[in-house]
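Shown here: my_file.pdb, PDB, C-alpha atoms.
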```
MODEL        1
ATOM      1  CA  MET A 139     -40.361  10.126 -20.818
ATOM      2  CA  ILE A 140     -36.969   9.836 -22.554
ATOM      3  CA  LYS A 141     -35.406  12.198 -20.003
ATOM      4  CA  LYS A 142     -36.785  10.122 -17.120
ATOM      5  CA  THR A 143     -35.418   6.914 -18.672
ATOM      6  CA  LEU A 144     -31.956   8.430 -19.104
ATOM      7  CA  LEU A 145     -32.010   9.680 -15.508
ATOM      8  CA  ILE A 146     -32.864   6.187 -14.203
ATOM      9  CA  ILE A 147     -30.054   4.635 -16.277
ATOM     10  CA  ILE A 148     -27.537   7.181 -14.929
ATOM     11  CA  LEU A 149     -28.626   6.610 -11.321
ATOM     12  CA  LEU A 150     -28.519   2.836 -11.612
ATOM     13  CA  ALA A 151     -25.161   2.652 -13.442
ATOM     14  CA  PRO A 152     -22.960   2.843 -10.314
ATOM     15  CA  VAL A 153     -25.137   0.253  -8.565
ATOM     16  CA  SER A 154     -24.761  -2.119 -11.508
ATOM     17  CA  LEU A 155     -21.003  -1.626 -11.510
ATOM     18  CA  LEU A 156     -20.644  -2.401  -7.798
ATOM     19  CA  ALA A 157     -22.961  -5.394  -8.089
ATOM     20  CA  GLN A 158     -20.999  -6.829 -11.027
ATOM     21  CA  SER A 159     -20.038 -10.459 -10.544
ATOM     22  CA  LEU A 160     -16.332 -11.232 -10.378
ATOM     23  CA  GLY A 161     -17.007 -14.174 -12.643
ATOM     24  CA  LYS A 162     -15.953 -17.792 -12.413
ATOM     25  CA  GLU A 163     -12.521 -17.239 -14.000
ATOM     26  CA  ARG A 164     -11.456 -14.566 -11.492
ATOM     27  CA  VAL A 165     -12.705 -16.478  -8.479
ATOM     28  CA  GLN A 166     -11.011 -19.691  -9.577
ATOM     29  CA  ARG A 167      -7.696 -17.946 -10.206
ATOM     30  CA  VAL A 168      -7.625 -16.177  -6.846
ATOM     31  CA  LYS A 169      -8.647 -19.392  -5.043
ATOM     32  CA  GLU A 170      -5.746 -21.250  -6.664
ATOM     33  CA  SER A 171      -3.284 -18.487  -5.802
ATOM     34  CA  ILE A 172      -3.958 -18.096  -2.065
ATOM     35  CA  VAL A 173      -2.994 -20.365   0.818
ATOM     36  CA  ALA A 174      -3.531 -20.519   4.555
ATOM     37  CA  LEU A 175      -0.255 -19.898   6.387
ATOM     38  CA  LEU A 176       0.343 -22.298   9.284
ATOM     39  CA  ILE A 177       2.851 -22.081  12.165
ATOM     40  CA  ASN A 178       3.903 -25.011  14.322
ATOM     41  CA  THR A 179       3.072 -24.104  17.938
ATOM     42  CA  SER A 180       4.489 -27.262  19.547
ATOM     43  CA  ASP A 181       7.946 -27.531  21.106
ATOM     44  CA  ASP A 182       7.804 -31.299  20.622
ATOM     45  CA  VAL A 183       9.775 -31.984  17.433
ATOM     46  CA  SER A 184       8.043 -35.344  17.009
ATOM     47  CA  ASN A 185       4.528 -33.932  17.251
ATOM     48  CA  LYS A 186       3.970 -30.783  15.205
ATOM     49  CA  VAL A 187       0.789 -28.808  15.884
ATOM     50  CA  TYR A 188       0.049 -26.319  13.132
ATOM     51  CA  ARG A 189      -2.246 -23.341  13.741
ATOM     52  CA  GLY A 190      -3.552 -20.890  11.173
ATOM     53  CA  ALA A 191      -1.701 -17.562  11.296
ATOM     54  CA  GLY A 192      -2.993 -15.756   8.220
ATOM     55  CA  THR A 193      -3.035 -15.784   4.435
ATOM     56  CA  ALA A 194      -0.342 -15.787   1.734
ATOM     57  CA  PHE A 195      -0.406 -15.761  -2.076
ATOM     58  CA  PHE A 196       1.810 -17.073  -4.859
ATOM     59  CA  VAL A 197       3.772 -14.406  -6.744
ATOM     60  CA  ASN A 198       5.504 -16.678  -9.273
ATOM     61  CA  ASP A 199       5.443 -20.257 -10.505
ATOM     62  CA  ASP A 200       8.620 -21.153  -8.571
ATOM     63  CA  GLY A 201       6.665 -21.441  -5.324
ATOM     64  CA  TYR A 202       7.413 -18.034  -3.803
ATOM     65  CA  LEU A 203       4.632 -16.401  -1.806
ATOM     66  CA  ALA A 204       4.047 -12.983  -0.261
ATOM     67  CA  THR A 205       2.447 -12.303   3.107
ATOM     68  CA  CYS A 206       2.651  -9.844   6.017
ATOM     69  CA  TYR A 207       5.677  -9.812   8.284
ATOM     70  CA  HIS A 208       3.410  -9.760  11.339
ATOM     71  CA  VAL A 209       1.821 -13.022  10.152
ATOM     72  CA  ILE A 210       5.116 -14.937  10.351
ATOM     73  CA  GLU A 211       6.650 -12.982  13.246
ATOM     74  CA  ASN A 212       5.487 -15.524  15.844
ATOM     75  CA  ALA A 213       7.514 -18.172  14.022
ATOM     76  CA  ILE A 214      10.785 -16.376  14.853
ATOM     77  CA  VAL A 215      12.136 -17.374  18.266
ATOM     78  CA  TYR A 216      14.314 -15.011  20.345
ATOM     79  CA  ASN A 217      16.057 -15.491  23.665
ATOM     80  CA  ASN A 218      15.798 -13.096  26.612
ATOM     81  CA  ALA A 219      18.681 -11.041  25.249
ATOM     82  CA  GLY A 220      16.837 -10.428  21.994
ATOM     83  CA  LEU A 221      18.997 -12.747  19.909
ATOM     84  CA  LYS A 222      17.307 -14.844  17.240
ATOM     85  CA  ILE A 223      17.807 -18.475  18.219
ATOM     86  CA  GLY A 224      15.566 -20.272  15.779
ATOM     87  CA  VAL A 225      12.550 -20.353  13.505
ATOM     88  CA  ARG A 226       9.512 -22.512  14.078
ATOM     89  CA  ASP A 227       8.310 -24.752  11.266
ATOM     90  CA  ILE A 228       5.814 -23.129   8.937
ATOM     91  CA  ALA A 229       3.629 -24.641   6.247
ATOM     92  CA  ILE A 230       1.023 -23.612   3.700
ATOM     93  CA  ARG A 231      -2.331 -25.235   3.017
ATOM     94  CA  THR A 232      -3.604 -24.885  -0.541
ATOM     95  CA  ILE A 233      -7.212 -24.638  -1.639
ATOM     96  CA  SER A 234      -7.183 -28.406  -2.305
ATOM     97  CA  GLY A 235      -6.194 -29.097   1.309
ATOM     98  CA  GLU A 236      -2.600 -30.051   0.513
ATOM     99  CA  VAL A 237      -0.194 -29.074   3.330
ATOM    100  CA  ILE A 238       3.333 -28.188   2.197
ATOM    101  CA  PRO A 239       6.349 -27.223   4.347
ATOM    102  CA  ALA A 240       7.595 -23.692   3.681
ATOM    103  CA  GLU A 241      10.382 -21.414   4.831
ATOM    104  CA  ILE A 242      10.925 -17.693   5.277
ATOM    105  CA  GLU A 243      13.129 -16.219   2.572
ATOM    106  CA  LEU A 244      16.502 -15.923   4.314
ATOM    107  CA  SER A 245      17.123 -12.230   3.670
ATOM    108  CA  PHE A 246      13.995 -11.307   5.662
ATOM    109  CA  LEU A 247      15.583 -12.906   8.719
ATOM    110  CA  ASN A 248      18.782 -10.932   8.204
ATOM    111  CA  GLU A 249      19.506  -7.873   6.038
ATOM    112  CA  ASN A 250      15.887  -7.268   4.968
ATOM    113  CA  ARG A 251      14.347  -7.832   8.404
ATOM    114  CA  ILE A 252      14.006  -4.102   9.183
ATOM    115  CA  GLU A 253      12.476  -3.476   5.751
ATOM    116  CA  GLY A 254      10.028  -6.299   6.360
ATOM    117  CA  LEU A 255       9.049  -4.814   9.718
ATOM    118  CA  LEU A 256       8.695  -1.312   8.318
ATOM    119  CA  TYR A 257       6.480  -2.285   5.412
ATOM    120  CA  ASP A 258       4.869  -5.374   6.998
ATOM    121  CA  CYS A 259       5.779  -7.625   4.081
ATOM    122  CA  VAL A 260       7.816 -10.781   3.668
ATOM    123  CA  LEU A 261       8.553 -13.452   1.084
ATOM    124  CA  ILE A 262       8.284 -17.157   1.873
ATOM    125  CA  LYS A 263       8.912 -20.202  -0.303
ATOM    126  CA  ALA A 264       7.183 -23.559  -0.537
ATOM    127  CA  LYS A 265       9.800 -26.292  -0.095
ATOM    128  CA  THR A 266       8.037 -28.322  -2.802
ATOM    129  CA  LEU A 267       5.592 -27.190  -5.444
ATOM    130  CA  PRO A 268       1.932 -28.135  -4.907
ATOM    131  CA  LYS A 269       0.827 -31.336  -6.648
ATOM    132  CA  SER A 270      -2.523 -29.720  -7.361
ATOM    133  CA  LYS A 271      -2.908 -26.838  -9.784
ATOM    134  CA  PHE A 272      -1.930 -23.418  -8.471
ATOM    135  CA  SER A 273      -1.856 -19.944  -9.975
ATOM    136  CA  TYR A 274       0.213 -16.884  -9.203
ATOM    137  CA  LEU A 275      -0.931 -13.281  -9.242
ATOM    138  CA  PRO A 276       0.885 -10.534 -11.186
ATOM    139  CA  LEU A 277       2.196  -7.681  -9.057
ATOM    140  CA  GLY A 278       1.119  -4.255 -10.263
ATOM    141  CA  ASN A 279       1.844  -0.661  -9.312
ATOM    142  CA  PHE A 280       0.162   0.971  -6.313
ATOM    143  CA  GLY A 281       0.342   4.283  -8.162
ATOM    144  CA  ASP A 282      -1.995   2.973 -10.866
ATOM    145  CA  ILE A 283      -5.025   2.532  -8.597
ATOM    146  CA  GLU A 284      -7.234   5.497  -7.763
ATOM    147  CA  GLU A 285      -9.547   6.200  -4.872
ATOM    148  CA  GLY A 286     -12.937   4.688  -5.704
ATOM    149  CA  ASP A 287     -11.550   1.860  -7.872
ATOM    150  CA  ALA A 288     -13.045  -1.598  -7.395
ATOM    151  CA  ILE A 289     -10.920  -4.207  -5.608
ATOM    152  CA  TYR A 290     -11.280  -7.745  -4.295
ATOM    153  CA  THR A 291      -9.415 -10.192  -2.088
ATOM    154  CA  CYS A 292      -9.478 -13.756  -0.853
ATOM    155  CA  GLY A 293      -8.251 -15.158   2.444
ATOM    156  CA  TYR A 294      -8.740 -17.351   5.503
ATOM    157  CA  PRO A 295     -10.317 -15.153   8.207
ATOM    158  CA  LEU A 296     -10.990 -16.208  11.804
ATOM    159  CA  GLY A 297      -9.217 -19.538  11.423
ATOM    160  CA  LEU A 298     -11.821 -20.845   8.995
ATOM    161  CA  PRO A 299     -10.669 -23.888   7.010
ATOM    162  CA  THR A 300     -12.084 -22.488   3.781
ATOM    163  CA  HIS A 301     -11.466 -19.330   1.766
ATOM    164  CA  ILE A 302     -13.623 -16.208   1.768
ATOM    165  CA  VAL A 303     -13.788 -13.919  -1.293
ATOM    166  CA  SER A 304     -14.632 -10.247  -0.605
ATOM    167  CA  THR A 305     -15.177  -7.241  -2.845
ATOM    168  CA  GLY A 306     -15.096  -3.492  -2.198
ATOM    169  CA  ILE A 307     -13.419  -0.248  -3.197
ATOM    170  CA  LEU A 308     -10.191   1.542  -2.370
ATOM    171  CA  SER A 309     -11.347   4.492  -0.271
ATOM    172  CA  THR A 310      -8.450   6.745   0.726
ATOM    173  CA  LYS A 311      -4.734   6.681   0.014
ATOM    174  CA  PHE A 312      -2.366   8.068   2.636
ATOM    175  CA  GLU A 313       1.241   8.005   3.839
ATOM    176  CA  GLU A 314       2.510   7.040   7.277
ATOM    177  CA  LEU A 315       5.885   7.648   8.901
ATOM    178  CA  ARG A 316       6.793   4.312  10.463
ATOM    179  CA  LYS A 317       9.614   3.342  12.809
ATOM    180  CA  ALA A 318      10.984  -0.153  13.384
ATOM    181  CA  THR A 319      13.521  -1.246  15.982
ATOM    182  CA  SER A 320      15.802  -4.216  15.548
ATOM    183  CA  SER A 321      16.248  -6.523  18.537
ATOM    184  CA  SER A 322      19.576  -7.781  17.185
ATOM    185  CA  LYS A 323      22.635  -7.441  19.418
ATOM    186  CA  PRO A 324      24.987  -5.854  20.304
ATOM    187  CA  LYS A 325      23.609  -2.744  18.597
ATOM    188  CA  THR A 326      19.941  -1.795  18.258
ATOM    189  CA  GLU A 327      19.139  -0.301  14.880
ATOM    190  CA  VAL A 328      16.335   2.183  14.396
ATOM    191  CA  ALA A 329      14.825   2.915  11.003
ATOM    192  CA  GLN A 330      12.144   5.424  10.076
ATOM    193  CA  LYS A 331      10.617   5.636   6.642
ATOM    194  CA  VAL A 332       7.411   6.600   4.889
ATOM    195  CA  ARG A 333       5.146   3.772   3.790
ATOM    196  CA  ASN A 334       2.182   4.016   1.406
ATOM    197  CA  LEU A 335      -1.171   2.723   2.610
ATOM    198  CA  ALA A 336      -4.856   2.964   1.789
ATOM    199  CA  TRP A 337      -8.121   2.556   3.644
ATOM    200  CA  LEU A 338     -10.488   0.076   2.039
ATOM    201  CA  ASP A 339     -14.258  -0.214   2.105
ATOM    202  CA  LEU A 340     -13.791  -3.969   2.311
ATOM    203  CA  THR A 341     -14.661  -6.289   5.172
ATOM    204  CA  MET A 342     -11.719  -8.317   6.441
ATOM    205  CA  ASN A 343     -11.069 -10.025   9.762
ATOM    206  CA  ARG A 344      -8.118 -11.535  11.598
ATOM    207  CA  GLY A 345      -6.641 -14.157   9.330
ATOM    208  CA  ASN A 346      -7.082 -12.070   6.168
ATOM    209  CA  SER A 347      -3.700 -10.458   6.841
ATOM    210  CA  GLY A 348      -1.206 -11.339   4.135
ATOM    211  CA  GLY A 349      -3.820 -11.792   1.416
ATOM    212  CA  PRO A 350      -3.685 -10.006  -1.951
ATOM    213  CA  ILE A 351      -5.648  -6.819  -2.620
ATOM    214  CA  ILE A 352      -6.397  -6.967  -6.334
ATOM    215  CA  LYS A 353      -7.453  -4.153  -8.667
ATOM    216  CA  LEU A 354     -10.443  -5.182 -10.750
ATOM    217  CA  GLY A 355      -9.680  -4.721 -14.441
ATOM    218  CA  SER A 356     -12.009  -4.732 -17.420
ATOM    219  CA  LYS A 357     -10.984  -8.364 -18.073
ATOM    220  CA  PRO A 358      -9.559 -11.001 -15.700
ATOM    221  CA  GLU A 359      -6.171 -10.807 -17.394
ATOM    222  CA  ASP A 360      -6.064  -7.072 -16.570
ATOM    223  CA  ASP A 361      -6.314  -7.695 -12.804
ATOM    224  CA  TYR A 362      -3.188  -7.287 -10.687
ATOM    225  CA  VAL A 363      -2.134  -7.059  -7.034
ATOM    226  CA  ILE A 364      -1.735  -3.500  -5.739
ATOM    227  CA  GLY A 365      -1.067  -4.340  -2.103
ATOM    228  CA  ILE A 366      -1.118  -6.745   0.816
ATOM    229  CA  ALA A 367      -3.996  -6.866   3.304
ATOM    230  CA  THR A 368      -2.393  -5.700   6.524
ATOM    231  CA  PHE A 369      -4.841  -4.309   9.122
ATOM    232  CA  ILE A 370      -8.471  -3.833  10.087
ATOM    233  CA  LEU A 371     -10.176  -0.958  11.850
ATOM    234  CA  ASN A 372     -11.709  -2.036  15.131
ATOM    235  CA  PRO A 373     -11.715   0.640  17.863
ATOM    236  CA  TYR A 374     -12.946  -1.890  20.423
ATOM    237  CA  ALA A 375     -10.365  -4.631  19.825
ATOM    238  CA  ASN A 376      -7.947  -3.826  22.653
ATOM    239  CA  GLU A 377     -10.648  -3.420  25.289
ATOM    240  CA  ALA A 378     -12.408  -6.596  24.142
ATOM    241  CA  ASP A 379      -9.110  -8.515  24.210
ATOM    242  CA  ASN A 380      -8.452  -7.336  27.754
ATOM    243  CA  ILE A 381     -11.901  -8.451  28.893
ATOM    244  CA  ALA A 382     -11.545 -11.874  27.252
ATOM    245  CA  ASN A 383      -8.072 -12.423  28.734
ATOM    246  CA  PHE A 384      -9.199 -11.350  32.218
ATOM    247  CA  ILE A 385     -12.137 -13.750  32.218
ATOM    248  CA  ARG A 386      -9.984 -16.526  30.786
ATOM    249  CA  LEU A 387      -7.558 -16.174  33.700
ATOM    250  CA  GLN A 388     -10.455 -16.263  36.183
ATOM    251  CA  ASN A 389     -11.588 -19.692  34.899
ATOM    252  CA  PRO A 390     -14.891 -18.861  33.175
ATOM    253  CA  ASN A 391     -16.207 -22.433  33.611
ATOM    254  CA  SER A 392     -16.540 -21.876  37.359
ATOM    255  CA  ASP A 393     -18.647 -18.747  36.991
ATOM    256  CA  LEU A 394     -22.230 -18.230  38.055
ATOM    257  CA  MET A 395     -25.022 -19.796  36.034
ATOM    258  CA  ILE A 396     -27.752 -17.462  34.794
ATOM    259  CA  ASN A 397     -30.735 -19.276  33.277
ATOM    260  CA  GLY A 398     -28.512 -22.267  32.597
ATOM    261  CA  VAL A 399     -25.813 -20.194  30.880
ATOM    262  CA  LYS A 400     -22.324 -19.610  32.278
ATOM    263  CA  SER A 401     -22.147 -15.831  32.223
ATOM    264  CA  GLY A 402     -18.355 -15.653  32.357
ATOM    265  CA  LYS A 403     -17.804 -17.975  29.413
ATOM    266  CA  THR A 404     -20.507 -16.250  27.378
ATOM    267  CA  THR A 405     -19.005 -12.820  28.063
ATOM    268  CA  MET A 406     -15.548 -14.109  27.131
ATOM    269  CA  LEU A 407     -16.809 -15.515  23.821
ATOM    270  CA  LEU A 408     -18.618 -12.277  23.011
ATOM    271  CA  ALA A 409     -15.463 -10.266  23.794
ATOM    272  CA  GLU A 410     -13.396 -12.550  21.549
ATOM    273  CA  ALA A 411     -15.931 -12.085  18.742
ATOM    274  CA  VAL A 412     -15.738  -8.296  19.050
ATOM    275  CA  ALA A 413     -11.917  -8.352  19.148
ATOM    276  CA  ASN A 414     -11.603 -10.505  16.040
ATOM    277  CA  ASN A 415     -14.093  -8.825  13.752
ATOM    278  CA  SER A 416     -13.832  -5.753  11.563
ATOM    279  CA  ILE A 417     -16.411  -2.978  11.409
ATOM    280  CA  GLY A 418     -16.126  -3.050   7.615
ATOM    281  CA  ILE A 419     -13.055  -0.850   7.165
ATOM    282  CA  SER A 420      -9.635  -2.336   6.492
ATOM    283  CA  GLY A 421      -6.215  -1.349   5.197
ATOM    284  CA  VAL A 422      -3.625  -2.278   2.587
ATOM    285  CA  VAL A 423       0.106  -1.633   2.315
ATOM    286  CA  SER A 424       1.505  -0.868  -1.137
ATOM    287  CA  ILE A 425       2.944  -3.818  -3.079
ATOM    288  CA  ASN A 426       5.615  -1.407  -4.343
ATOM    289  CA  HIS A 427       7.468  -1.747  -1.027
ATOM    290  CA  LEU A 428       7.889  -5.503  -1.408
ATOM    291  CA  LYS A 429       8.920  -5.115  -5.050
ATOM    292  CA  ALA A 430      11.525  -2.516  -4.059
ATOM    293  CA  ILE A 431      12.999  -4.801  -1.385
ATOM    294  CA  LEU A 432      13.215  -7.651  -3.889
ATOM    295  CA  LYS A 433      14.278  -5.291  -6.697
ATOM    296  CA  TRP A 434      11.452  -6.659  -8.841
ATOM    297  CA  LYS A 435      10.089  -4.534 -11.667
TER     298      LYS A 435
ENDMDL
END
```

What's the structure tokens form of this structure?
Amino acid sequence: MIKKTLLIIILLAPVSLLAQSLGKERVQRVKESIVALLINTSDDVSNKVYRGAGTAFFVNDDGYLATCYHVIENAIVYNNAGLKIGVRDIAIRTISGEVIPAEIELSFLNENRIEGLLYDCVLIKAKTLPKSKFSYLPLGNFGDIEEGDAIYTCGYPLGLPTHIVSTGILSTKFEELRKATSSSKPKTEVAQKVRNLAWLDLTMNRGNSGGPIIKLGSKPEDDYVIGIATFILNPYANEADNIANFIRLQNPNSDLMINGVKSGKTTMLLAEAVANNSIGISGVVSINHLKAILKWK
């Protein structure tokens, strides 16, 4: 009987660990540290129209935030010759709903642009500090997390106006040789470097990009950021995007009705849903790359 009891305890231990609650303190801290990143899509300077582009998180109490380079890339405006001619207005929306103008840290538009492209990371700064309470997350060392360790994140997927907290594990670490090409003139620069990544057993969707991937410690104060959420695995995304775009160009509202349903519009919406959703596997880029660019310890 004793042996059977011990066996049950051993078998249930991993389940209990994975089912462990993050706790109110952790959830509150991560909620206060993340923001939705917004980009002005209007060319009318008197009428700004902000759209959600992804997630960002505070890294110090001076109002600096980290996110993915690809999240803010649409804010950088180039002419036909590839010259940067401007930057669209960006803003952050805190968990309290406060919208604050922000700006891309200047070096990532100039000398650190290639590094930002290579490692898909960038620093932005709130032009004023939030009036509501905010927290920042300590940056750790990617080398200190092991495959199988518990992690969690928080972000604004699929353009939702509210945050989503997700938990999972770091599955597999790997390295990738990445190349980035500068569009600056007159000379095109090409860089190629190794970046450190990991697959995650953690569901994320479009909009989670730029959020913190946090190693779960034994106590909330032991938690730290090991990377930035940067991609999802969806083998059907490109095909689904192509289908949705094709139907959109064909004017889906004029399509045939089948049992009172517009088949074109329904197919387009289904394709968009497939393109924007993860199959439960996502990826993280090491926070060490951003720290190295900034020369932070």

>> Taking the file as I've supplied it (selection: the PyMOL selection byres ((chain A and resi 233-244) around 8)), which residues are included? Please answer as a list in words.
In response: Lys169, Glu170, Ile172, Val173, Asp227, Ile228, Ala229, Ile230, Arg231, Thr232, Ser245, Phe246, Leu247, Asn248, Val260, Leu261, Ile262, Lys263, Ala264, Lys265, Thr266, Pro268, Ser270, Thr300 and His301 of chain A

Taking the file as I've supplied it (selection: the PyMOL selection byres ((chain A and resi 192-206) around 9)), which residues are included? Please answer as a PDB file with C-alpha atoms, keeping the file's coordinate frame.
```
ATOM      1  CA  VAL A 168      -7.625 -16.177  -6.846  1.00  0.00           C
ATOM      2  CA  GLU A 170      -5.746 -21.250  -6.664  1.00  0.00           C
ATOM      3  CA  SER A 171      -3.284 -18.487  -5.802  1.00  0.00           C
ATOM      4  CA  ILE A 172      -3.958 -18.096  -2.065  1.00  0.00           C
ATOM      5  CA  VAL A 173      -2.994 -20.365   0.818  1.00  0.00           C
ATOM      6  CA  ALA A 174      -3.531 -20.519   4.555  1.00  0.00           C
ATOM      7  CA  LEU A 175      -0.255 -19.898   6.387  1.00  0.00           C
ATOM      8  CA  LEU A 176       0.343 -22.298   9.284  1.00  0.00           C
ATOM      9  CA  GLY A 190      -3.552 -20.890  11.173  1.00  0.00           C
ATOM     10  CA  ALA A 191      -1.701 -17.562  11.296  1.00  0.00           C
ATOM     11  CA  TYR A 207       5.677  -9.812   8.284  1.00  0.00           C
ATOM     12  CA  HIS A 208       3.410  -9.760  11.339  1.00  0.00           C
ATOM     13  CA  VAL A 209       1.821 -13.022  10.152  1.00  0.00           C
ATOM     14  CA  ILE A 210       5.116 -14.937  10.351  1.00  0.00           C
ATOM     15  CA  GLU A 211       6.650 -12.982  13.246  1.00  0.00           C
ATOM     16  CA  ILE A 230       1.023 -23.612   3.700  1.00  0.00           C
ATOM     17  CA  GLU A 243      13.129 -16.219   2.572  1.00  0.00           C
ATOM     18  CA  GLY A 254      10.028  -6.299   6.360  1.00  0.00           C
ATOM     19  CA  LEU A 255       9.049  -4.814   9.718  1.00  0.00           C
ATOM     20  CA  TYR A 257       6.480  -2.285   5.412  1.00  0.00           C
ATOM     21  CA  ASP A 258       4.869  -5.374   6.998  1.00  0.00           C
ATOM     22  CA  CYS A 259       5.779  -7.625   4.081  1.00  0.00           C
ATOM     23  CA  VAL A 260       7.816 -10.781   3.668  1.00  0.00           C
ATOM     24  CA  LEU A 261       8.553 -13.452   1.084  1.00  0.00           C
ATOM     25  CA  ILE A 262       8.284 -17.157   1.873  1.00  0.00           C
ATOM     26  CA  LYS A 263       8.912 -20.202  -0.303  1.00  0.00           C
ATOM     27  CA  ALA A 264       7.183 -23.559  -0.537  1.00  0.00           C
ATOM     28  CA  LYS A 265       9.800 -26.292  -0.095  1.00  0.00           C
ATOM     29  CA  THR A 266       8.037 -28.322  -2.802  1.00  0.00           C
ATOM     30  CA  LEU A 267       5.592 -27.190  -5.444  1.00  0.00           C
ATOM     31  CA  PRO A 268       1.932 -28.135  -4.907  1.00  0.00           C
ATOM     32  CA  PHE A 272      -1.930 -23.418  -8.471  1.00  0.00           C
ATOM     33  CA  SER A 273      -1.856 -19.944  -9.975  1.00  0.00           C
ATOM     34  CA  TYR A 274       0.213 -16.884  -9.203  1.00  0.00           C
ATOM     35  CA  LEU A 275      -0.931 -13.281  -9.242  1.00  0.00           C
ATOM     36  CA  PRO A 276       0.885 -10.534 -11.186  1.00  0.00           C
ATOM     37  CA  LEU A 277       2.196  -7.681  -9.057  1.00  0.00           C
ATOM     38  CA  CYS A 292      -9.478 -13.756  -0.853  1.00  0.00           C
ATOM     39  CA  GLY A 293      -8.251 -15.158   2.444  1.00  0.00           C
ATOM     40  CA  TYR A 294      -8.740 -17.351   5.503  1.00  0.00           C
ATOM     41  CA  PRO A 295     -10.317 -15.153   8.207  1.00  0.00           C
ATOM     42  CA  LEU A 296     -10.990 -16.208  11.804  1.00  0.00           C
ATOM     43  CA  GLY A 297      -9.217 -19.538  11.423  1.00  0.00           C
ATOM     44  CA  ARG A 344      -8.118 -11.535  11.598  1.00  0.00           C
ATOM     45  CA  GLY A 345      -6.641 -14.157   9.330  1.00  0.00           C
ATOM     46  CA  ASN A 346      -7.082 -12.070   6.168  1.00  0.00           C
ATOM     47  CA  SER A 347      -3.700 -10.458   6.841  1.00  0.00           C
ATOM     48  CA  GLY A 348      -1.206 -11.339   4.135  1.00  0.00           C
ATOM     49  CA  GLY A 349      -3.820 -11.792   1.416  1.00  0.00           C
ATOM     50  CA  PRO A 350      -3.685 -10.006  -1.951  1.00  0.00           C
ATOM     51  CA  ILE A 366      -1.118  -6.745   0.816  1.00  0.00           C
ATOM     52  CA  ALA A 367      -3.996  -6.866   3.304  1.00  0.00           C
ATOM     53  CA  THR A 368      -2.393  -5.700   6.524  1.00  0.00           C
ATOM     54  CA  LEU A 428       7.889  -5.503  -1.408  1.00  0.00           C
TER      55      LEU A 428
END
```

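Of the listed residues A:Arg316, A:Arg333, A:Lys353, A:Arg386, the one whose atoms come nearest to Ala430 in chain A is A:Arg333, with distances taken using all atoms listed in the file.
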
> Could you state the separation of CA of Asp360 in chain A and CA of Glu313 in chain A in Å, given to one decimal place?
Replying inline: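 Between CA of Asp360 in chain A and CA of Glu313 in chain A the gap works out to 26.4 Å.
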
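One distance worth recording is that between CA of Ile385 in chain A and CA of Lys403 in chain A, which is 7.6 Å.
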
> Can you list, as an MDAnalysis selection string, every protein, DNA or RNA residue that comes within 9 Å of range 286-289 of chain A when you count all atoms listed in the file, leaving out same-chain residues fewer than 3 positions away?
Replying inline: chainID A and resid 155:156 283 304:310 338 340 351:355

> By how many Å are CA of Ile381 in chain A and CA of Met406 in chain A apart?
Replying inline: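 Atom-to-atom, CA of Ile381 in chain A and CA of Met406 in chain A are spaced 7.0 Å apart.
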
Starting from the displayed file, determine the output of the PyMOL selection byres ((chain A and resi 335) around 6) and express the residue list as a CSV table (one decimal) with C-alpha atoms, keeping the file's coordinate frame.
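So selection.csv came out as:
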```csv
chain,number,residue,atom,x,y,z
A,311,LYS,CA,-4.7,6.7,0.0
A,312,PHE,CA,-2.4,8.1,2.6
A,313,GLU,CA,1.2,8.0,3.8
A,334,ASN,CA,2.2,4.0,1.4
A,336,ALA,CA,-4.9,3.0,1.8
A,422,VAL,CA,-3.6,-2.3,2.6
A,423,VAL,CA,0.1,-1.6,2.3
A,424,SER,CA,1.5,-0.9,-1.1
```

> Nearest to Leu432 in chain A among A:Asn250, A:Ile364, A:Val328, A:Ala318, with distances taken over all atoms listed in the file: which residue is it?
Replying inline: A:Asn250

Could N, CA and C atoms be built for range 176-183 of chain A and written out as a PDB file, keeping the file's coordinate frame?
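Wrote part-v8.pdb, looks like this:
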```
ATOM      1  N   LEU A 176       0.402 -21.558   8.026  1.00  0.00           N
ATOM      2  CA  LEU A 176       0.343 -22.298   9.284  1.00  0.00           C
ATOM      3  C   LEU A 176       1.681 -22.227  10.005  1.00  0.00           C
ATOM      4  N   ILE A 177       1.638 -22.108  11.340  1.00  0.00           N
ATOM      5  CA  ILE A 177       2.851 -22.081  12.165  1.00  0.00           C
ATOM      6  C   ILE A 177       2.765 -23.198  13.197  1.00  0.00           C
ATOM      7  N   ASN A 178       3.839 -23.942  13.327  1.00  0.00           N
ATOM      8  CA  ASN A 178       3.903 -25.011  14.322  1.00  0.00           C
ATOM      9  C   ASN A 178       4.032 -24.393  15.721  1.00  0.00           C
ATOM     10  N   THR A 179       3.070 -24.692  16.594  1.00  0.00           N
ATOM     11  CA  THR A 179       3.072 -24.104  17.938  1.00  0.00           C
ATOM     12  C   THR A 179       3.619 -25.062  18.992  1.00  0.00           C
ATOM     13  N   SER A 180       4.012 -26.264  18.586  1.00  0.00           N
ATOM     14  CA  SER A 180       4.489 -27.262  19.547  1.00  0.00           C
ATOM     15  C   SER A 180       6.011 -27.231  19.662  1.00  0.00           C
ATOM     16  N   ASP A 181       6.500 -27.428  20.887  1.00  0.00           N
ATOM     17  CA  ASP A 181       7.946 -27.531  21.106  1.00  0.00           C
ATOM     18  C   ASP A 181       8.426 -28.974  21.001  1.00  0.00           C
ATOM     19  N   ASP A 182       7.488 -29.879  20.782  1.00  0.00           N
ATOM     20  CA  ASP A 182       7.804 -31.299  20.622  1.00  0.00           C
ATOM     21  C   ASP A 182       8.113 -31.563  19.144  1.00  0.00           C
ATOM     22  N   VAL A 183       9.369 -31.825  18.829  1.00  0.00           N
ATOM     23  CA  VAL A 183       9.775 -31.984  17.433  1.00  0.00           C
ATOM     24  C   VAL A 183       9.112 -33.191  16.768  1.00  0.00           C
TER      25      VAL A 183
END
```
